[in-house]
There are 2 protein chains.
Amino acid sequence: MDLARELGVSTATVSRALNGSSRVRPELAHRIREHARDRGYIANRHARALSSNSSRAFVGFVIPYVDTPAYSAVAAQCARLLSADGTQMILTITENDPRRELDQLRDLVATRVAGVVLSPSTGILPGTRELLQDLPVVQFHRGCGIDAPGVFSDDAALGDAVTRLADLGHRRIGYIGPSRSISNGARRLAAVRDGAAAAGLDPDALAVRLLEPATDHGAGAARELLHRADRPTALVVGGGTLSLSVAREVRSSGLRVPGDLSLVVYGDPAWFALHDPPLTVVSVDYPELARRAARLLVGRIGGDGPADDVLLTSELHPGGSTGPPPPGA
Amino acid sequence: MDLARELGVSTATVSRALNGSSRVRPELAHRIREHARDRGYIANRHARALSSNSSRAFVGFVIPYVDTPAYSAVAAQCARLLSADGTQMILTITENDPRRELDQLRDLVATRVAGVVLSPSTGILPGTRELLQDLPVVQFHRGCGIDAPGVFSDDAALGDAVTRLADLGHRRIGYIGPSRSISNGARRLAAVRDGAAAAGLDPDALAVRLLEPATDHGAGAARELLHRADRPTALVVGGGTLSLSVAREVRSSGLRVPGDLSLVVYGDPAWFALHDPPLTVVSVDYPELARRAARLLVGRIGGDGPADDVLLTSELHPGGSTGPPPPGA
DNA sequence: TTGAAAGCGCTAACAG
DNA sequence: CTGTTAGCGCTTTCAA
């Protein structure tokens, strides 16, 4: 209104000029924009959102944690990509608590977000499911059973790792990974079992330890496995945070890697290269995962038809931590 | 309006009931809330923000990156703490680009955020400074010259590290850290120099290499230092990402740690414990940093008077990567 | 091409 | 305690 008054035009014209409508005389539009800039005018997004009820001004990004490479990399990328569109990303941490998840989702609906990127918590609530139904959603990293596309890692490289270990002669292979109650836990375990089967090993003969997220850091499971009489000659880990603690536990067990024990971990090869020898790592291209998620969300918001899941190929990044089993075993 | 009609009351009463005003008959209030819940009513935050012009519905969180432990941990904590208040955190990545920073800040002003947590980019723009003036701001990790409190690490442990190395007998100490153009780069260099001086060493005799953020990963600087005729017998690194690449470079140089070279890095001890021997690490309590930042911001928003900077004590986490210099040196 | 005016969904005086 | 009503700052018909 101020601008309109000062320039002797109507608010409608100002609005049109500022929004780049072609239905205003270019010269006038230019003058208005100039004046707005000089005055340091910044349009109120709330008013805008309230008025034109359809906008992609905000999206939600709902994840269990962010202080983990997987999530932080993707959060960063998404915020970056979306901001280019003028879309603001509201970051929300569930800590894997279904109750929080629901509350936060409700808050996001309250700000009428255009869509949501979601990495669901473990025990997703019915109310949450309901909210999600009338919202463009992209699942990411983990899935819950809702009808929305998602971007995931195929985690096939975990299977490759097992196959390769079996080919090296390992017969007692251990696997420590996230619980099956998370979708990616189930997927990773399946990959590992497939890998064993592919090499002619009985999947049920694997020494498997599945852990609830953030409950335990895997050190206990590793210790237990490594102190058994028939301890595995190779250990595969299916989670980033788990990998760190398992690697530490292996170190403190005094076993030599790969002499006594072959070790394959999950996460960022750059960090696991600190280990001596550099660890063999199953990794995913997180920035790419993020790009796909962002693109998918934009598509959903844009009203594109039903989209397919994106399954990114995981990679087995060879290090020096795998070798033949020790002679005695 | 729907709720009001359906219950035969006015919108004002509904609003009051939903906002927990005491000026409505408890029984009625209860009935209204119940009905709202059943209908799945979720109040529009934009309308709310527009109407009651003062709200802490949104805050901005503006940082150069988030896929780095320092920032991701703090982002997570802040989002967590603020969401307890019903405040939504808009995450924004500048990539250390002043232009983006300004744009994003302008967008945040457009959504009338109650305040901003900011880790300024290197060459902050005048326009940015101006925007920041009439906004509750908390600086974090880095500072720019604006009049706003901040939370930082004191980085004094970097100085302790140098002192300790000098006490072990090291005379040629190298330092690789972030450029002085970032405030924490300057602070860390100062800490290192102080540490040298405290041990009776000439600060100017340190072999210092300062790097622009994200331009170079420190490997080059490390290589150069380690291949000099009078190569340092100890190396201190003043940045998390730098530490990783320097550690790798040291590894590939073939020098033994700490036999040939003592090494002190910066970051999360848990990760650097992967190295053999575990590296000595200068670390900061990031969750605590986040808590302080969140608390400070809430204070600012609440209109508390001028607040002081928070300087968190950094810690020297001893590993096995420091020892006396090699006999010959 | 421009203007007048009616909302968007809520809160907050101001009355009663 | 409750209702009426006037905005909050925009966008968007509908006319001109």
# chains A, B, ... in the order shown; residues from 1 in each chain; ligands from 1
>>> interface_residues(of="chain B", to="chain A", cutoff="6 Å", atoms="only C-alpha atoms", output="ChimeraX atom specification")
/B:42-46,66-67,72-73,76,80,89-91,93,110-111,274-275
>>> write_last_selection(atoms="N, CA, C and O atoms", output="PDB file, in the first residue's frame")
ATOM      1  N   ILE B  42      -6.553 -28.141  11.556  1.00  0.00           N
ATOM      2  CA  ILE B  42      -5.196 -27.670  11.838  1.00  0.00           C
ATOM      3  C   ILE B  42      -5.109 -26.207  11.439  1.00  0.00           C
ATOM      4  O   ILE B  42      -5.243 -25.874  10.257  1.00  0.00           O
ATOM      5  N   ALA B  43      -4.875 -25.366  12.413  1.00  0.00           N
ATOM      6  CA  ALA B  43      -4.895 -23.919  12.168  1.00  0.00           C
ATOM      7  C   ALA B  43      -3.807 -23.502  11.194  1.00  0.00           C
ATOM      8  O   ALA B  43      -2.697 -24.033  11.220  1.00  0.00           O
ATOM      9  N   ASN B  44      -4.136 -22.565  10.362  1.00  0.00           N
ATOM     10  CA  ASN B  44      -3.206 -22.057   9.356  1.00  0.00           C
ATOM     11  C   ASN B  44      -2.202 -21.100   9.989  1.00  0.00           C
ATOM     12  O   ASN B  44      -2.554 -20.035  10.490  1.00  0.00           O
ATOM     13  N   ARG B  45      -0.948 -21.498   9.955  1.00  0.00           N
ATOM     14  CA  ARG B  45       0.081 -20.681  10.592  1.00  0.00           C
ATOM     15  C   ARG B  45       0.280 -19.354   9.895  1.00  0.00           C
ATOM     16  O   ARG B  45       0.719 -18.388  10.509  1.00  0.00           O
ATOM     17  N   HIS B  46       0.032 -19.318   8.614  1.00  0.00           N
ATOM     18  CA  HIS B  46       0.247 -18.067   7.889  1.00  0.00           C
ATOM     19  C   HIS B  46      -0.769 -17.031   8.340  1.00  0.00           C
ATOM     20  O   HIS B  46      -0.421 -15.889   8.616  1.00  0.00           O
ATOM     21  N   VAL B  66      26.168 -27.969   5.638  1.00  0.00           N
ATOM     22  CA  VAL B  66      25.629 -28.742   6.760  1.00  0.00           C
ATOM     23  C   VAL B  66      26.155 -30.165   6.739  1.00  0.00           C
ATOM     24  O   VAL B  66      25.980 -30.917   7.668  1.00  0.00           O
ATOM     25  N   ASP B  67      26.865 -30.507   5.683  1.00  0.00           N
ATOM     26  CA  ASP B  67      27.361 -31.872   5.606  1.00  0.00           C
ATOM     27  C   ASP B  67      28.734 -31.983   6.229  1.00  0.00           C
ATOM     28  O   ASP B  67      29.640 -32.611   5.709  1.00  0.00           O
ATOM     29  N   SER B  72      26.268 -29.927  11.130  1.00  0.00           N
ATOM     30  CA  SER B  72      25.109 -30.807  11.165  1.00  0.00           C
ATOM     31  C   SER B  72      24.669 -31.076  12.593  1.00  0.00           C
ATOM     32  O   SER B  72      23.489 -31.110  12.904  1.00  0.00           O
ATOM     33  N   ALA B  73      25.621 -31.238  13.476  1.00  0.00           N
ATOM     34  CA  ALA B  73      25.261 -31.499  14.861  1.00  0.00           C
ATOM     35  C   ALA B  73      24.493 -30.319  15.446  1.00  0.00           C
ATOM     36  O   ALA B  73      23.498 -30.475  16.150  1.00  0.00           O
ATOM     37  N   ALA B  76      20.953 -29.987  13.946  1.00  0.00           N
ATOM     38  CA  ALA B  76      20.049 -30.976  14.525  1.00  0.00           C
ATOM     39  C   ALA B  76      19.571 -30.532  15.901  1.00  0.00           C
ATOM     40  O   ALA B  76      18.374 -30.512  16.192  1.00  0.00           O
ATOM     41  N   ARG B  80      15.776 -29.401  17.045  1.00  0.00           N
ATOM     42  CA  ARG B  80      15.157 -30.161  18.114  1.00  0.00           C
ATOM     43  C   ARG B  80      14.660 -29.248  19.231  1.00  0.00           C
ATOM     44  O   ARG B  80      13.496 -29.300  19.643  1.00  0.00           O
ATOM     45  N   MET B  89      12.158 -24.352  12.143  1.00  0.00           N
ATOM     46  CA  MET B  89      13.465 -23.855  11.748  1.00  0.00           C
ATOM     47  C   MET B  89      13.667 -23.994  10.243  1.00  0.00           C
ATOM     48  O   MET B  89      13.592 -25.098   9.708  1.00  0.00           O
ATOM     49  N   ILE B  90      13.886 -22.877   9.613  1.00  0.00           N
ATOM     50  CA  ILE B  90      14.131 -22.895   8.177  1.00  0.00           C
ATOM     51  C   ILE B  90      15.624 -22.991   7.945  1.00  0.00           C
ATOM     52  O   ILE B  90      16.381 -22.124   8.374  1.00  0.00           O
ATOM     53  N   LEU B  91      16.026 -24.058   7.295  1.00  0.00           N
ATOM     54  CA  LEU B  91      17.453 -24.300   7.076  1.00  0.00           C
ATOM     55  C   LEU B  91      17.881 -23.737   5.734  1.00  0.00           C
ATOM     56  O   LEU B  91      17.213 -23.939   4.716  1.00  0.00           O
ATOM     57  N   ILE B  93      21.390 -22.933   3.242  1.00  0.00           N
ATOM     58  CA  ILE B  93      22.816 -23.188   3.007  1.00  0.00           C
ATOM     59  C   ILE B  93      23.389 -22.125   2.087  1.00  0.00           C
ATOM     60  O   ILE B  93      22.949 -21.987   0.946  1.00  0.00           O
ATOM     61  N   ALA B 110      11.334 -12.032   4.636  1.00  0.00           N
ATOM     62  CA  ALA B 110      10.028 -12.099   3.977  1.00  0.00           C
ATOM     63  C   ALA B 110       9.076 -13.009   4.745  1.00  0.00           C
ATOM     64  O   ALA B 110       7.883 -12.747   4.801  1.00  0.00           O
ATOM     65  N   THR B 111       9.587 -14.061   5.351  1.00  0.00           N
ATOM     66  CA  THR B 111       8.667 -14.875   6.147  1.00  0.00           C
ATOM     67  C   THR B 111       8.616 -14.356   7.572  1.00  0.00           C
ATOM     68  O   THR B 111       8.077 -15.023   8.452  1.00  0.00           O
ATOM     69  N   LEU B 274      39.738 -43.986  14.509  1.00  0.00           N
ATOM     70  CA  LEU B 274      39.919 -45.024  13.494  1.00  0.00           C
ATOM     71  C   LEU B 274      41.388 -45.131  13.112  1.00  0.00           C
ATOM     72  O   LEU B 274      41.873 -46.178  12.722  1.00  0.00           O
ATOM     73  N   HIS B 275      42.076 -44.026  13.192  1.00  0.00           N
ATOM     74  CA  HIS B 275      43.475 -43.993  12.808  1.00  0.00           C
ATOM     75  C   HIS B 275      44.292 -44.809  13.796  1.00  0.00           C
ATOM     76  O   HIS B 275      43.938 -44.930  14.964  1.00  0.00           O
TER      77      HIS B 275
END
>>> closest_atom_pairs(of="chain B", to="chain D", cutoff="8 Å", atoms="only C-alpha atoms (C1' of nucleotides)", output="JSON lines")
{"residue": "B:Ser10", "atom": "CA", "partner": "D:DG3", "partner_atom": "C1'", "distance": 6.1}
{"residue": "B:Ala12", "atom": "CA", "partner": "D:DG3", "partner_atom": "C1'", "distance": 7.5}
{"residue": "B:Thr13", "atom": "CA", "partner": "D:DT2", "partner_atom": "C1'", "distance": 6.8}
{"residue": "B:Arg23", "atom": "CA", "partner": "D:DC1", "partner_atom": "C1'", "distance": 6.3}
{"residue": "B:Val24", "atom": "CA", "partner": "D:DC1", "partner_atom": "C1'", "distance": 5.7}
{"residue": "B:Arg25", "atom": "CA", "partner": "D:DC1", "partner_atom": "C1'", "distance": 6.4}
{"residue": "B:Leu50", "atom": "CA", "partner": "D:DC8", "partner_atom": "C1'", "distance": 4.8}
{"residue": "B:Ser51", "atom": "CA", "partner": "D:DC8", "partner_atom": "C1'", "distance": 4.5}
{"residue": "B:Ser52", "atom": "CA", "partner": "D:DC8", "partner_atom": "C1'", "distance": 7.3}
{"residue": "B:Asn53", "atom": "CA", "partner": "D:DC8", "partner_atom": "C1'", "distance": 7.1}
>>> closest_residue(among="B:Gly143, B:Pro327, B:Gly169, B:Pro213", to="Asp97 in chain B", atoms="only C-alpha atoms")
B:Pro213
>>> interface_residues(of="chain C", to="chain B", cutoff="7 Å", atoms="only C-alpha atoms (C1' of nucleotides)", output="JSON, numbers by chain")
{"C": [9, 10, 11]}
>>> atom_distance(atom1="CA of Gly150 in chain A", atom2="CA of Ala307 in chain A")
8.8 Å
>>> atom_distance(atom1="CA of Leu297 in chain B", atom2="CA of Val151 in chain B")
10.4 Å
>>> atom_distance(atom1="CA of Asp134 in chain B", atom2="CA of Gly303 in chain B")
12.4 Å
>>> select_by_dssp(residues="range 72-277 of chain B", states="helix (DSSP H, G or I)", output="number ranges by chain")
B: 72-83, 98-110, 126-133, 156-167, 183-198, 203-205, 219-226, 240-253, 269-272
>>> residues_around(residues="range 191-206 of chain B", least_positions_apart="3", cutoff="6 Å", atoms="only C-alpha atoms (C1' of nucleotides)", output="PDB file with N, CA, C and O atoms, in the first residue's frame")
ATOM      1  N   ALA B 156      41.216 -22.756  22.477  1.00  0.00           N
ATOM      2  CA  ALA B 156      42.446 -22.661  23.257  1.00  0.00           C
ATOM      3  C   ALA B 156      43.211 -23.982  23.269  1.00  0.00           C
ATOM      4  O   ALA B 156      44.437 -23.999  23.396  1.00  0.00           O
ATOM      5  N   LEU B 158      43.930 -25.759  20.929  1.00  0.00           N
ATOM      6  CA  LEU B 158      44.920 -25.766  19.849  1.00  0.00           C
ATOM      7  C   LEU B 158      46.252 -25.231  20.380  1.00  0.00           C
ATOM      8  O   LEU B 158      47.327 -25.748  20.044  1.00  0.00           O
ATOM      9  N   GLY B 159      46.153 -24.179  21.188  1.00  0.00           N
ATOM     10  CA  GLY B 159      47.361 -23.621  21.799  1.00  0.00           C
ATOM     11  C   GLY B 159      47.990 -24.621  22.751  1.00  0.00           C
ATOM     12  O   GLY B 159      49.213 -24.825  22.744  1.00  0.00           O
ATOM     13  N   ASP B 160      47.164 -25.275  23.540  1.00  0.00           N
ATOM     14  CA  ASP B 160      47.682 -26.297  24.459  1.00  0.00           C
ATOM     15  C   ASP B 160      48.441 -27.362  23.692  1.00  0.00           C
ATOM     16  O   ASP B 160      49.493 -27.836  24.120  1.00  0.00           O
ATOM     17  N   VAL B 162      50.025 -27.090  20.900  1.00  0.00           N
ATOM     18  CA  VAL B 162      51.334 -26.595  20.474  1.00  0.00           C
ATOM     19  C   VAL B 162      52.288 -26.536  21.653  1.00  0.00           C
ATOM     20  O   VAL B 162      53.452 -26.959  21.566  1.00  0.00           O
ATOM     21  N   THR B 163      51.799 -26.034  22.767  1.00  0.00           N
ATOM     22  CA  THR B 163      52.643 -25.970  23.959  1.00  0.00           C
ATOM     23  C   THR B 163      53.158 -27.353  24.325  1.00  0.00           C
ATOM     24  O   THR B 163      54.342 -27.555  24.591  1.00  0.00           O
ATOM     25  N   ILE B 173      57.366 -26.769  14.172  1.00  0.00           N
ATOM     26  CA  ILE B 173      55.969 -27.162  14.246  1.00  0.00           C
ATOM     27  C   ILE B 173      55.205 -26.511  13.097  1.00  0.00           C
ATOM     28  O   ILE B 173      55.360 -25.323  12.844  1.00  0.00           O
ATOM     29  N   GLY B 174      54.445 -27.323  12.415  1.00  0.00           N
ATOM     30  CA  GLY B 174      53.649 -26.790  11.315  1.00  0.00           C
ATOM     31  C   GLY B 174      52.194 -26.618  11.729  1.00  0.00           C
ATOM     32  O   GLY B 174      51.695 -27.325  12.611  1.00  0.00           O
ATOM     33  N   ARG B 188      41.822 -19.356  15.624  1.00  0.00           N
ATOM     34  CA  ARG B 188      42.626 -20.572  15.788  1.00  0.00           C
ATOM     35  C   ARG B 188      44.106 -20.296  15.600  1.00  0.00           C
ATOM     36  O   ARG B 188      44.940 -20.813  16.332  1.00  0.00           O
TER      37      ARG B 188
END
>>> select_by_dssp(residues="range 148-283 of chain B", states="strand (DSSP E)", output="JSON, numbers by chain")
{"B": [150, 151, 152, 153, 173, 174, 175, 176, 177, 178, 207, 208, 209, 210, 211, 234, 235, 236, 237, 262, 263, 264, 265, 266, 280, 281, 282, 283]}
>>> write_last_selection(atoms="C-alpha atoms", output="CSV table (one decimal), in the first residue's frame")
chain,number,residue,atom,x,y,z
B,150,GLY,CA,27.6,-15.3,19.3
B,151,VAL,CA,28.6,-18.7,20.4
B,152,PHE,CA,32.1,-19.9,19.6
B,153,SER,CA,34.7,-22.3,20.6
B,173,ILE,CA,56.0,-27.2,14.2
B,174,GLY,CA,53.6,-26.8,11.3
B,175,TYR,CA,50.1,-25.5,11.4
B,176,ILE,CA,47.5,-25.9,8.7
B,177,GLY,CA,44.2,-24.1,9.3
B,178,PRO,CA,41.4,-22.1,7.8
B,207,ALA,CA,55.4,-23.1,9.5
B,208,VAL,CA,51.9,-21.8,8.9
B,209,ARG,CA,49.6,-22.6,5.9
B,210,LEU,CA,46.2,-20.9,5.8
B,211,LEU,CA,43.6,-22.1,3.4
B,234,ALA,CA,55.0,-31.9,14.4
B,235,LEU,CA,51.9,-30.9,12.5
B,236,VAL,CA,48.8,-29.3,14.0
B,237,VAL,CA,45.6,-29.0,11.9
B,262,SER,CA,53.5,-35.9,15.7
B,263,LEU,CA,50.0,-35.1,14.5
B,264,VAL,CA,47.2,-33.2,16.1
B,265,VAL,CA,43.9,-32.8,14.3
B,266,TYR,CA,40.6,-31.0,14.8
B,280,THR,CA,45.2,-36.6,19.3
B,281,VAL,CA,42.3,-34.3,18.7
B,282,VAL,CA,41.2,-30.8,19.5
B,283,SER,CA,37.4,-31.0,20.0
